[in-house]
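The next block is upload35.cif, given as mmCIF, C-alpha atoms and all ligand atoms.
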data_data
#
loop_
_atom_site.label_atom_id
_atom_site.label_comp_id
_atom_site.auth_asym_id
_atom_site.auth_seq_id
_atom_site.Cartn_x
_atom_site.Cartn_y
_atom_site.Cartn_z
CA MET A 8 -18.43 8.27 -0.62
CA ASN A 9 -20.65 8.19 2.45
CA ASN A 10 -22.28 5.15 4.02
CA ILE A 11 -20.60 2.57 1.92
CA VAL A 12 -20.59 -1.06 2.94
CA TYR A 13 -17.25 -2.27 1.72
CA LEU A 14 -17.00 -6.05 1.86
CA ASP A 15 -14.18 -6.53 -0.64
CA ASN A 16 -11.20 -6.29 1.68
CA SER A 17 -9.39 -9.23 0.13
CA ALA A 18 -9.11 -7.18 -3.04
CA THR A 19 -7.76 -4.17 -1.21
CA THR A 20 -8.36 -2.20 1.97
CA LYS A 21 -8.82 1.43 2.88
CA PRO A 22 -5.49 2.92 4.04
CA CYS A 23 -5.69 3.54 7.78
CA VAL A 24 -5.02 6.87 9.49
CA LYS A 25 -1.46 6.03 10.54
CA ALA A 26 -0.58 4.72 7.08
CA VAL A 27 -1.69 7.98 5.47
CA GLU A 28 0.01 10.04 8.17
CA TYR A 29 3.35 8.23 7.79
CA ILE A 30 3.15 8.36 3.98
CA ASN A 31 2.50 12.09 4.09
CA ASN A 32 5.37 12.65 6.44
CA ALA A 33 7.75 10.72 4.21
CA LEU A 34 6.53 12.54 1.11
CA CYS A 35 6.59 16.03 2.56
CA GLU A 36 9.34 15.93 5.21
CA ASN A 37 11.47 12.82 5.14
CA TRP A 38 11.94 12.55 1.37
CA GLY A 39 15.66 11.82 1.19
CA ASN A 40 17.19 8.84 -0.57
CA PRO A 41 18.15 6.19 2.01
CA SER A 42 21.38 5.56 0.08
CA SER A 43 22.56 9.17 0.42
CA LEU A 44 25.30 9.60 2.97
CA HIS A 45 24.13 12.98 4.28
CA LEU A 46 21.62 13.66 7.03
CA MET A 47 18.59 13.63 4.69
CA GLY A 48 19.60 10.19 3.49
CA MET A 49 20.26 8.97 6.98
CA ASN A 50 16.83 10.08 8.18
CA ALA A 51 15.17 8.21 5.33
CA GLU A 52 17.33 5.18 6.06
CA ILE A 53 16.26 5.29 9.72
CA ALA A 54 12.59 5.31 8.65
CA VAL A 55 13.13 2.28 6.39
CA SER A 56 15.00 0.47 9.12
CA GLU A 57 12.27 1.18 11.70
CA ALA A 58 9.67 -0.20 9.29
CA ARG A 59 11.81 -3.30 8.73
CA GLY A 60 11.97 -3.71 12.49
CA SER A 61 8.18 -3.51 12.80
CA VAL A 62 7.68 -6.18 10.13
CA ALA A 63 10.30 -8.42 11.75
CA THR A 64 8.72 -8.07 15.19
CA PHE A 65 5.34 -8.83 13.70
CA LEU A 66 6.57 -11.99 11.98
CA HIS A 67 8.95 -13.03 14.78
CA CYS A 68 12.04 -13.06 12.61
CA ARG A 69 15.29 -11.12 12.26
CA GLU A 70 15.33 -7.66 10.68
CA ASP A 71 17.91 -8.77 8.11
CA GLU A 72 15.49 -11.44 6.91
CA ILE A 73 12.96 -8.83 5.70
CA PHE A 74 13.16 -7.31 2.21
CA PHE A 75 10.87 -4.67 0.73
CA THR A 76 9.50 -5.17 -2.78
CA SER A 77 6.85 -3.39 -4.84
CA CYS A 78 3.98 -5.82 -4.13
CA GLY A 79 3.01 -9.36 -3.20
CA THR A 80 3.28 -10.32 -6.86
CA GLU A 81 6.94 -9.25 -6.99
CA SER A 82 7.71 -11.11 -3.77
CA ASN A 83 6.14 -14.29 -5.17
CA ASN A 84 7.97 -13.93 -8.49
CA THR A 85 11.31 -13.28 -6.78
CA ALA A 86 10.91 -16.31 -4.54
CA ILE A 87 9.86 -18.65 -7.35
CA MET A 88 12.02 -17.51 -10.25
CA SER A 89 15.15 -17.59 -8.11
CA ILE A 90 15.05 -21.38 -8.38
CA LYS A 91 16.37 -20.98 -11.93
CA TYR A 92 19.66 -19.69 -10.73
CA LYS A 93 20.30 -22.36 -8.16
CA LYS A 94 22.94 -24.76 -9.30
CA HIS A 95 22.92 -28.48 -8.54
CA ASN A 96 19.25 -28.32 -7.78
CA GLY A 97 16.44 -30.63 -8.70
CA LYS A 98 13.78 -30.05 -11.31
CA ARG A 99 10.59 -30.78 -9.42
CA ILE A 100 8.33 -28.01 -8.15
CA ILE A 101 5.33 -28.78 -5.97
CA THR A 102 2.51 -26.28 -5.60
CA THR A 103 -1.27 -26.28 -5.32
CA ALA A 104 -3.88 -25.87 -8.03
CA ILE A 105 -5.49 -22.98 -6.13
CA GLU A 106 -2.55 -20.60 -5.82
CA HIS A 107 -2.86 -16.96 -6.81
CA PRO A 108 -1.85 -16.22 -10.43
CA SER A 109 1.29 -14.46 -9.17
CA VAL A 110 2.48 -17.91 -8.07
CA LEU A 111 0.93 -20.03 -10.82
CA GLU A 112 2.19 -17.91 -13.72
CA PRO A 113 5.91 -17.90 -12.81
CA ILE A 114 5.62 -21.62 -12.07
CA LYS A 115 4.03 -22.20 -15.49
CA ALA A 116 6.92 -20.25 -17.03
CA LEU A 117 9.37 -22.58 -15.28
CA GLU A 118 7.32 -25.57 -16.47
CA LYS A 119 7.85 -24.39 -20.03
CA GLU A 120 11.58 -24.29 -19.35
CA GLY A 121 11.59 -27.96 -18.41
CA TYR A 122 10.75 -28.05 -14.71
CA GLU A 123 8.36 -30.80 -13.64
CA VAL A 124 5.44 -29.28 -11.77
CA ILE A 125 3.16 -31.21 -9.43
CA TYR A 126 -0.13 -29.47 -8.64
CA LEU A 127 -1.69 -30.65 -5.39
CA HIS A 128 -5.47 -30.64 -5.57
CA PRO A 129 -7.44 -29.60 -2.50
CA ASP A 130 -10.38 -31.50 -1.08
CA LYS A 131 -13.88 -30.04 -1.15
CA SER A 132 -13.06 -27.79 1.79
CA GLY A 133 -10.17 -26.25 -0.15
CA VAL A 134 -7.39 -27.85 1.89
CA ILE A 135 -4.54 -29.93 0.45
CA SER A 136 -3.50 -33.30 1.83
CA LEU A 137 -0.16 -33.61 3.63
CA GLU A 138 -0.09 -37.28 2.60
CA GLU A 139 -0.26 -36.23 -1.04
CA LEU A 140 2.52 -33.72 -0.49
CA LYS A 141 4.61 -36.38 1.22
CA SER A 142 4.18 -38.86 -1.61
CA ASN A 143 5.31 -36.28 -4.16
CA LEU A 144 8.39 -35.01 -2.32
CA ASN A 145 11.64 -36.53 -3.55
CA SER A 146 15.32 -35.65 -3.77
CA ASP A 147 14.70 -33.94 -7.12
CA THR A 148 12.34 -31.40 -5.51
CA CYS A 149 13.77 -27.88 -5.63
CA LEU A 150 10.77 -25.82 -4.55
CA VAL A 151 7.51 -26.24 -2.67
CA SER A 152 5.17 -23.25 -2.82
CA ILE A 153 1.93 -23.47 -0.86
CA MET A 154 -0.22 -20.48 0.02
CA LEU A 155 -1.18 -19.92 3.64
CA VAL A 156 -4.70 -18.57 3.01
CA ASN A 157 -6.61 -18.82 -0.23
CA ASN A 158 -7.80 -15.46 -1.56
CA GLU A 159 -11.16 -16.69 -2.87
CA ILE A 160 -12.44 -19.10 -0.25
CA GLY A 161 -10.22 -18.35 2.75
CA SER A 162 -9.13 -21.95 3.30
CA ILE A 163 -6.03 -22.29 5.47
CA GLN A 164 -3.30 -24.70 4.39
CA PRO A 165 -1.25 -26.67 6.94
CA ILE A 166 1.96 -24.93 5.96
CA ILE A 167 3.84 -25.48 9.22
CA GLU A 168 3.53 -29.24 8.77
CA ALA A 169 4.10 -28.93 5.00
CA ALA A 170 7.38 -27.04 5.54
CA GLU A 171 8.52 -29.62 8.08
CA LEU A 172 7.75 -32.50 5.71
CA THR A 173 9.58 -30.73 2.90
CA LYS A 174 12.72 -30.22 4.97
CA ARG A 175 12.65 -33.80 6.21
CA ILE A 176 12.21 -35.48 2.84
CA ALA A 177 13.79 -32.95 0.47
CA PRO A 178 16.21 -30.91 2.60
CA ASN A 179 17.62 -29.05 -0.42
CA ALA A 180 14.22 -27.80 -1.55
CA LEU A 181 13.10 -24.29 -0.67
CA PHE A 182 9.74 -23.88 1.03
CA HIS A 183 7.84 -20.75 0.01
CA THR A 184 4.46 -19.56 1.17
CA ASP A 185 2.30 -16.82 -0.30
CA ALA A 186 0.97 -15.27 2.90
CA VAL A 187 -0.59 -12.21 1.25
CA GLN A 188 -4.07 -13.00 2.60
CA ALA A 189 -2.77 -14.12 5.99
CA PHE A 190 -0.26 -11.45 6.95
CA GLY A 191 -1.65 -9.23 9.69
CA LYS A 192 -4.62 -11.54 10.12
CA LEU A 193 -3.28 -14.87 11.33
CA PRO A 194 -0.54 -14.81 13.97
CA ILE A 195 2.66 -15.98 12.22
CA ASN A 196 5.77 -16.94 14.20
CA LEU A 197 8.52 -17.62 11.68
CA GLN A 198 10.95 -18.70 14.37
CA LYS A 199 8.79 -21.72 14.97
CA THR A 200 8.57 -22.81 11.33
CA LYS A 201 10.81 -24.21 8.63
CA ILE A 202 9.55 -21.73 6.03
CA ASP A 203 12.38 -20.34 3.86
CA LEU A 204 10.50 -17.67 1.95
CA LEU A 205 7.26 -15.81 2.67
CA SER A 206 5.45 -13.15 0.66
CA ALA A 207 3.14 -10.46 1.99
CA SER A 208 1.61 -7.22 0.78
CA GLY A 209 0.75 -3.86 2.35
CA HIS A 210 -2.58 -3.07 0.75
CA LYS A 211 -4.46 -6.02 2.26
CA ILE A 212 -3.92 -4.72 5.81
CA HIS A 213 -4.96 -1.08 5.49
CA GLY A 214 -1.56 -0.09 4.19
CA PRO A 215 -0.82 1.41 0.78
CA LYS A 216 -0.71 -0.38 -2.57
CA GLY A 217 2.71 -0.82 -4.14
CA ILE A 218 4.57 -2.22 -1.18
CA GLY A 219 5.41 -5.87 -0.70
CA ILE A 220 7.42 -7.90 1.78
CA LEU A 221 9.66 -10.85 1.13
CA TYR A 222 10.91 -12.79 4.12
CA LYS A 223 14.04 -14.80 3.36
CA ARG A 224 15.39 -17.03 6.08
CA LYS A 225 18.99 -16.19 6.95
CA GLY A 226 21.37 -18.47 5.08
CA VAL A 227 18.97 -19.06 2.18
CA ASN A 228 20.50 -17.79 -1.04
CA ILE A 229 18.28 -16.58 -3.83
CA SER A 230 18.87 -14.36 -6.84
CA PRO A 231 17.26 -10.97 -7.47
CA LEU A 232 14.78 -10.24 -10.26
CA LEU A 233 15.96 -6.63 -10.49
CA LEU A 234 19.63 -5.82 -10.90
CA GLY A 235 21.03 -2.36 -10.32
CA GLY A 236 22.22 -0.31 -7.39
CA GLY A 237 22.15 -3.23 -4.95
CA GLN A 238 19.54 -1.92 -2.53
CA GLU A 239 17.91 -4.35 -0.12
CA LYS A 240 21.22 -6.17 0.28
CA ASN A 241 21.34 -6.81 -3.47
CA LEU A 242 18.05 -8.70 -3.47
CA ARG A 243 15.93 -5.86 -4.84
CA SER A 244 17.66 -3.01 -6.61
CA GLY A 245 15.85 0.29 -7.01
CA THR A 246 15.61 3.27 -4.67
CA GLU A 247 13.45 2.22 -1.75
CA CYS A 248 9.94 3.67 -1.85
CA VAL A 249 10.24 5.28 1.58
CA PRO A 250 6.67 6.69 1.71
CA LEU A 251 5.08 3.31 1.04
CA ILE A 252 7.47 1.52 3.37
CA CYS A 253 6.49 4.02 6.09
CA GLY A 254 2.81 3.56 5.19
CA LEU A 255 3.23 -0.17 5.70
CA LYS A 256 4.72 0.51 9.12
CA GLY A 257 1.71 2.70 9.93
CA ALA A 258 -0.63 -0.15 9.01
CA ILE A 259 1.31 -2.62 11.17
CA ASP A 260 1.45 -0.19 14.11
CA GLU A 261 -2.33 0.21 13.95
CA ILE A 262 -2.90 -3.55 13.99
CA GLY A 263 -0.89 -3.88 17.17
CA SER A 264 -1.54 -7.53 17.93
CA ALA A 265 -2.70 -9.98 15.24
CA GLU A 266 -3.94 -12.28 18.03
CA LYS A 267 -6.29 -9.66 19.52
CA LEU A 268 -7.50 -8.58 16.11
CA TYR A 269 -8.22 -12.20 15.21
CA GLN A 270 -10.55 -12.58 18.19
CA LYS A 271 -12.46 -9.42 17.29
CA GLN A 272 -12.70 -10.45 13.66
CA LYS A 273 -13.95 -13.89 14.60
CA GLU A 274 -16.93 -12.33 16.40
CA LEU A 275 -17.91 -10.42 13.26
CA PHE A 276 -17.34 -13.51 11.14
CA ASP A 277 -19.51 -15.67 13.41
CA TYR A 278 -22.25 -13.06 13.28
CA ALA A 279 -22.05 -12.96 9.47
CA HIS A 280 -22.04 -16.74 9.25
CA CYS A 281 -25.12 -16.96 11.47
CA LYS A 282 -26.99 -14.33 9.48
CA LEU A 283 -26.10 -15.95 6.17
CA CYS A 284 -27.28 -19.34 7.47
CA GLU A 285 -30.77 -17.80 7.69
CA LEU A 286 -30.78 -17.30 3.90
CA ASP A 287 -32.02 -20.60 2.51
CA PHE A 288 -31.19 -19.64 -1.10
CA ILE A 289 -27.41 -19.56 -0.63
CA LYS A 290 -24.74 -22.23 -0.48
CA PHE A 291 -21.45 -21.78 1.37
CA ASN A 292 -18.26 -22.35 -0.60
CA SER A 293 -15.91 -21.51 2.29
CA ASN A 294 -15.37 -24.20 4.90
CA SER A 295 -16.14 -23.61 8.57
CA GLU A 296 -12.43 -23.61 9.49
CA CYS A 297 -11.48 -20.84 7.05
CA ILE A 298 -9.89 -17.55 7.99
CA PRO A 299 -12.49 -15.29 9.66
CA TYR A 300 -12.03 -12.66 6.98
CA ILE A 301 -13.50 -14.37 3.93
CA ILE A 302 -16.87 -15.98 3.27
CA ASN A 303 -17.51 -17.24 -0.23
CA ILE A 304 -21.15 -18.06 -1.01
CA SER A 305 -23.16 -18.98 -4.08
CA VAL A 306 -26.63 -17.85 -4.99
CA PRO A 307 -27.45 -20.59 -7.51
CA GLY A 308 -29.55 -19.39 -10.42
CA TYR A 309 -28.34 -15.80 -10.23
CA ARG A 310 -25.28 -14.42 -11.98
CA SER A 311 -22.74 -12.94 -9.61
CA GLU A 312 -22.13 -9.90 -11.81
CA VAL A 313 -25.83 -9.07 -11.82
CA LEU A 314 -26.00 -9.46 -8.05
CA GLN A 315 -22.85 -7.41 -7.65
CA HIS A 316 -24.30 -4.53 -9.67
CA PHE A 317 -27.58 -4.68 -7.79
CA LEU A 318 -25.68 -4.41 -4.51
CA GLU A 319 -23.43 -1.72 -5.88
CA ARG A 320 -26.44 0.52 -6.52
CA LYS A 321 -27.03 0.32 -2.76
CA ASN A 322 -23.40 1.21 -2.05
CA ILE A 323 -22.58 -2.36 -1.04
CA PHE A 324 -19.36 -3.65 -2.53
CA VAL A 325 -18.48 -7.32 -2.77
CA SER A 326 -16.67 -9.32 -5.41
CA SER A 327 -17.54 -12.28 -7.53
CA GLY A 328 -14.27 -14.03 -6.74
CA SER A 329 -10.75 -12.72 -6.78
CA ALA A 330 -10.17 -9.23 -8.14
CA CYS A 331 -7.71 -10.72 -10.64
CA ALA A 332 -10.23 -13.16 -12.14
CA LYS A 333 -12.10 -10.31 -13.90
CA GLY A 334 -15.19 -12.29 -14.75
CA GLU A 335 -13.56 -15.59 -15.67
CA LEU A 336 -14.99 -18.73 -14.08
CA SER A 337 -13.12 -19.37 -10.86
CA TYR A 338 -10.57 -22.19 -11.06
CA VAL A 339 -10.54 -22.25 -7.27
CA LEU A 340 -14.25 -22.99 -7.03
CA ARG A 341 -13.89 -25.56 -9.79
CA GLU A 342 -11.16 -27.25 -7.75
CA ILE A 343 -13.48 -27.61 -4.75
CA GLU A 344 -16.09 -29.12 -7.06
CA ALA A 345 -18.61 -26.32 -7.07
CA SER A 346 -21.05 -26.81 -9.94
CA ALA A 347 -21.11 -24.43 -12.94
CA ILE A 348 -24.31 -22.83 -11.68
CA GLU A 349 -22.77 -22.33 -8.24
CA ILE A 350 -19.62 -20.82 -9.72
CA ASP A 351 -21.74 -18.52 -11.86
CA GLY A 352 -23.53 -17.22 -8.78
CA ALA A 353 -20.55 -16.91 -6.44
CA LEU A 354 -19.95 -13.89 -4.23
CA ARG A 355 -16.98 -13.30 -1.98
CA LEU A 356 -17.49 -11.25 1.14
CA SER A 357 -14.22 -10.19 2.69
CA PHE A 358 -14.07 -8.30 5.94
CA SER A 359 -11.72 -6.01 7.77
CA ARG A 360 -11.65 -4.50 11.23
CA TYR A 361 -13.64 -1.54 9.89
CA ASN A 362 -16.71 -3.69 9.20
CA THR A 363 -19.59 -3.96 11.65
CA ASN A 364 -22.60 -6.20 12.25
CA ASP A 365 -24.68 -3.48 10.57
CA ASP A 366 -22.71 -4.01 7.36
CA VAL A 367 -23.61 -7.68 7.48
CA ASP A 368 -27.29 -6.84 8.06
CA SER A 369 -27.29 -4.40 5.13
CA PHE A 370 -25.74 -7.01 2.88
CA CYS A 371 -28.19 -9.74 3.90
CA SER A 372 -31.30 -7.59 3.43
CA ALA A 373 -30.03 -6.26 0.07
CA LEU A 374 -29.30 -9.79 -1.09
CA CYS A 375 -32.82 -10.91 -0.10
CA GLU A 376 -34.21 -7.98 -2.06
CA ALA A 377 -32.03 -8.86 -5.06
CA VAL A 378 -33.30 -12.40 -5.07
CA SER A 379 -36.93 -11.28 -4.91
CA VAL A 380 -36.53 -8.50 -7.51
CA LEU A 381 -34.16 -10.02 -10.04
CA LYS A 382 -35.16 -12.75 -12.44
CA LYS A 383 -33.29 -16.00 -12.20
CA SER A 384 -30.85 -16.24 -15.09
CA ILE A 385 -31.15 -20.00 -15.34
N1 LIG B 401 -1.26 -13.55 -3.43
C1 LIG B 401 -2.53 -13.53 -3.00
C2 LIG B 401 -3.07 -14.71 -2.27
C3 LIG B 401 -3.34 -12.42 -3.25
O1 LIG B 401 -4.61 -12.42 -2.83
C4 LIG B 401 -2.79 -11.32 -3.95
C5 LIG B 401 -3.63 -10.15 -4.27
O2 LIG B 401 -4.82 -10.22 -4.32
C6 LIG B 401 -1.46 -11.39 -4.35
C7 LIG B 401 -0.72 -12.51 -4.08
C8 LIG B 401 -0.81 -10.25 -5.08
O3 LIG B 401 -0.52 -9.18 -4.20
P1 LIG B 401 -0.29 -7.73 -4.79
O4 LIG B 401 -1.63 -7.17 -5.15
O5 LIG B 401 0.37 -6.96 -3.69
O6 LIG B 401 0.60 -7.89 -5.96
#
Please re-express this file's structure in structure tokens.
Ligand code: PLP
Amino acid sequence: MNNIVYLDNSATTKPCVKAVEYINNALCENWGNPSSLHLMGMNAEIAVSEARGSVATFLHCREDEIFFTSCGTESNNTAIMSIKYKKHNGKRIITTAIEHPSVLEPIKALEKEGYEVIYLHPDKSGVISLEELKSNLNSDTCLVSIMLVNNEIGSIQPIIEAAELTKRIAPNALFHTDAVQAFGKLPINLQKTKIDLLSASGHKIHGPKGIGILYKRKGVNISPLLLGGGQEKNLRSGTECVPLICGLKGAIDEIGSAEKLYQKQKELFDYAHCKLCELDFIKFNSNSECIPYIINISVPGYRSEVLQHFLERKNIFVSSGSACAKGELSYVLREIEASAIEIDGALRLSFSRYNTNDDVDSFCSALCEAVSVLKKSI
């Protein structure tokens, strides 16, 4: 498709040139099984190990703390469900009410099995209170799972402080963060944090779909979801998907420095914010301190699906919330006390390094046109 304005990068991103190149190479040339002892296997193993090295460098951790999975969802499930197999552990899990379903659903499953779950509620800006976390931590806490960046509104949680609090008050509890929307976007230095487990995904950073990352701090013991041949040091059995692992490395190599990219992205974000401020018919749902990749707005009185389809006819692609919500009213927006009419008219713009100021201009003028052409639904 030519001339598309793709502003749905939190749903997924276009694979970058290096990702495609590395995937192709692994599919066509380096297609051995990393577990094979012959040269073909060794070459594939080298590719996997180089990719592991790139992820580790990027996150400032050790290579043996990085495990490849099939997606962010699997990483989250592995981290959370492993609690079940920990002996002599408490029964309290603390999370937030605005986590992605791949965190909330396994936690709900544990709740049904008798775990006590505390859901921290964010304030109107989408950020949880450390005081509230502190007052809920006790010696019975076995897991704290708090996302780094929210996928719908882009709010950033104070996870460095949250992990420190957790380790101080409940030293036996594991601290997990779903960093799927933060990885490759916010600089993360795991050496400087008390995080035990972190999940990330390839397809949000111009890598391929079907590849996830689980960081597990050395010394932390968790159980695998998949049992079998013992790949990934027994944490994730199944022949490694070398092409996607290489594609992930391609995406990371192209990012280079998350710090530099952040600065560039912030300029685009500030431009978009400024332009959107000129539209007096919208309301911002994202706070001003959110990640400079996501802006969630509402156009009260207009249904987001109708707006989305209007924009789509002009080759402009945005979403009405998270890609997983599929039309259901957003629980995230409800949590930050958006009204029903605001939730009904919510649009999420999510950017990547491929977006330009022109994309923002196209979106703004198309949205103005939509509002003048379309009838208000309410
Ligand atoms: N966590 C968050 C915050 C996400 O936004 C997503 C995907 O949108 C996921 C987890 C799931 O990642 P994946 O699509 O790789 O399973």
* Could you list, as a list in words, all the residues within 6 Å of ligand LIG 401 (chain B), counting all atoms listed in the file? ->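 Listed by chain and ascending number, the contacts are Ala18, Cys78, Gly79, Thr80, His107, Ser109, Asn157, Asn158, Asp185, Val187, Gln188, Ser208 and Gly219 of chain A.
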* To do: Choose the residue, out of A:Leu204, A:Ile259, A:Ile30, A:Leu150, that has the smallest atom-to-atom separation from A:Asn83; count all atoms listed in the file.
  => A:Leu204
* Asked: Just how far from atom CA of A:Ser56 is atom CA of A:Asp71, in Å to one decimal?
  -> 9.7 Å
* Asked: What gap, in Å, lies between atom CA of A:Leu275 and atom CA of A:Glu159?
  -> 18.6 Å
* Neighbours of A:Ala58 within 7 Å (all atoms listed in the file; same-chain residues fewer than 5 positions away dropped), as number ranges by chain? -> A: 252-253, 256
* Sphere at (14.0, 11.2, -0.5), radius 9 Å, counting all atoms listed in the file: residues as a list in words ->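 Applying the cut-off with all atoms listed in the file, one gets Ala33, Leu34, Glu36, Asn37, Trp38, Gly39, Asn40, Pro41, Ser43, Met47, Gly48, Ala51, Cys248, Val249 and Pro250 of chain A.
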* Structure fact -> Restricting to all atoms listed in the file, whichever of A:Val380, A:Asp365, A:Gln238, A:Asp203 is closest to A:Tyr278 is A:Asp365
* Asked: So what do you get for atom CA of A:Ser136 versus atom CA of A:Glu171, distance-wise?
  ->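 Taking atom CA of A:Ser136 as the start and atom CA of A:Glu171 as the end point, the length is 14.0 Å.
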Please rebuild stretch 298-305 of chain A with all heavy atoms and give the result as a short mmCIF file (atom, residue, chain, number, x, y, z; two decimals), keeping the file's coordinate frame.
data_model
loop_
_atom_site.label_atom_id
_atom_site.label_comp_id
_atom_site.auth_asym_id
_atom_site.auth_seq_id
_atom_site.Cartn_x
_atom_site.Cartn_y
_atom_site.Cartn_z
N ILE A 298 -10.31 -18.76 7.28
CA ILE A 298 -9.89 -17.55 7.99
C ILE A 298 -11.13 -16.67 8.23
O ILE A 298 -11.99 -16.55 7.35
CB ILE A 298 -8.81 -16.79 7.17
CG1 ILE A 298 -8.12 -15.73 8.03
CG2 ILE A 298 -9.36 -16.17 5.89
CD1 ILE A 298 -6.85 -15.18 7.46
N PRO A 299 -11.26 -16.06 9.41
CA PRO A 299 -12.49 -15.29 9.66
C PRO A 299 -12.51 -13.93 8.98
O PRO A 299 -12.94 -12.94 9.56
CB PRO A 299 -12.50 -15.17 11.19
CG PRO A 299 -11.09 -15.29 11.60
CD PRO A 299 -10.40 -16.16 10.59
N TYR A 300 -12.03 -13.90 7.76
CA TYR A 300 -12.03 -12.66 6.98
C TYR A 300 -12.74 -12.85 5.64
O TYR A 300 -13.02 -11.88 4.95
CB TYR A 300 -10.59 -12.20 6.70
CG TYR A 300 -9.90 -11.57 7.88
CD1 TYR A 300 -9.34 -12.36 8.89
CD2 TYR A 300 -9.80 -10.19 8.00
CE1 TYR A 300 -8.70 -11.80 9.98
CE2 TYR A 300 -9.16 -9.61 9.09
CZ TYR A 300 -8.62 -10.42 10.07
OH TYR A 300 -7.98 -9.84 11.15
N ILE A 301 -12.95 -14.11 5.26
CA ILE A 301 -13.50 -14.37 3.93
C ILE A 301 -14.66 -15.36 4.03
O ILE A 301 -14.53 -16.40 4.69
CB ILE A 301 -12.41 -14.98 3.00
CG1 ILE A 301 -11.27 -13.98 2.77
CG2 ILE A 301 -13.01 -15.43 1.66
CD1 ILE A 301 -10.11 -14.50 1.92
N ILE A 302 -15.79 -14.99 3.42
CA ILE A 302 -16.87 -15.98 3.27
C ILE A 302 -17.27 -15.98 1.80
O ILE A 302 -17.67 -14.94 1.26
CB ILE A 302 -18.12 -15.66 4.13
CG1 ILE A 302 -17.76 -15.55 5.62
CG2 ILE A 302 -19.18 -16.74 3.93
CD1 ILE A 302 -18.96 -15.33 6.54
N ASN A 303 -17.13 -17.12 1.17
CA ASN A 303 -17.51 -17.24 -0.23
C ASN A 303 -18.83 -18.01 -0.28
O ASN A 303 -18.95 -19.08 0.31
CB ASN A 303 -16.42 -17.99 -1.00
CG ASN A 303 -16.60 -17.88 -2.50
OD1 ASN A 303 -17.68 -18.16 -3.02
ND2 ASN A 303 -15.56 -17.47 -3.19
N ILE A 304 -19.83 -17.40 -0.92
CA ILE A 304 -21.15 -18.06 -1.01
C ILE A 304 -21.58 -18.13 -2.48
O ILE A 304 -21.03 -17.42 -3.32
CB ILE A 304 -22.23 -17.28 -0.22
CG1 ILE A 304 -22.32 -15.82 -0.73
CG2 ILE A 304 -21.96 -17.32 1.27
CD1 ILE A 304 -23.55 -15.07 -0.23
N SER A 305 -22.54 -18.96 -2.75
CA SER A 305 -23.16 -18.98 -4.08
C SER A 305 -24.64 -18.74 -3.94
O SER A 305 -25.26 -19.19 -2.97
CB SER A 305 -22.95 -20.33 -4.76
OG SER A 305 -21.63 -20.45 -5.20
#
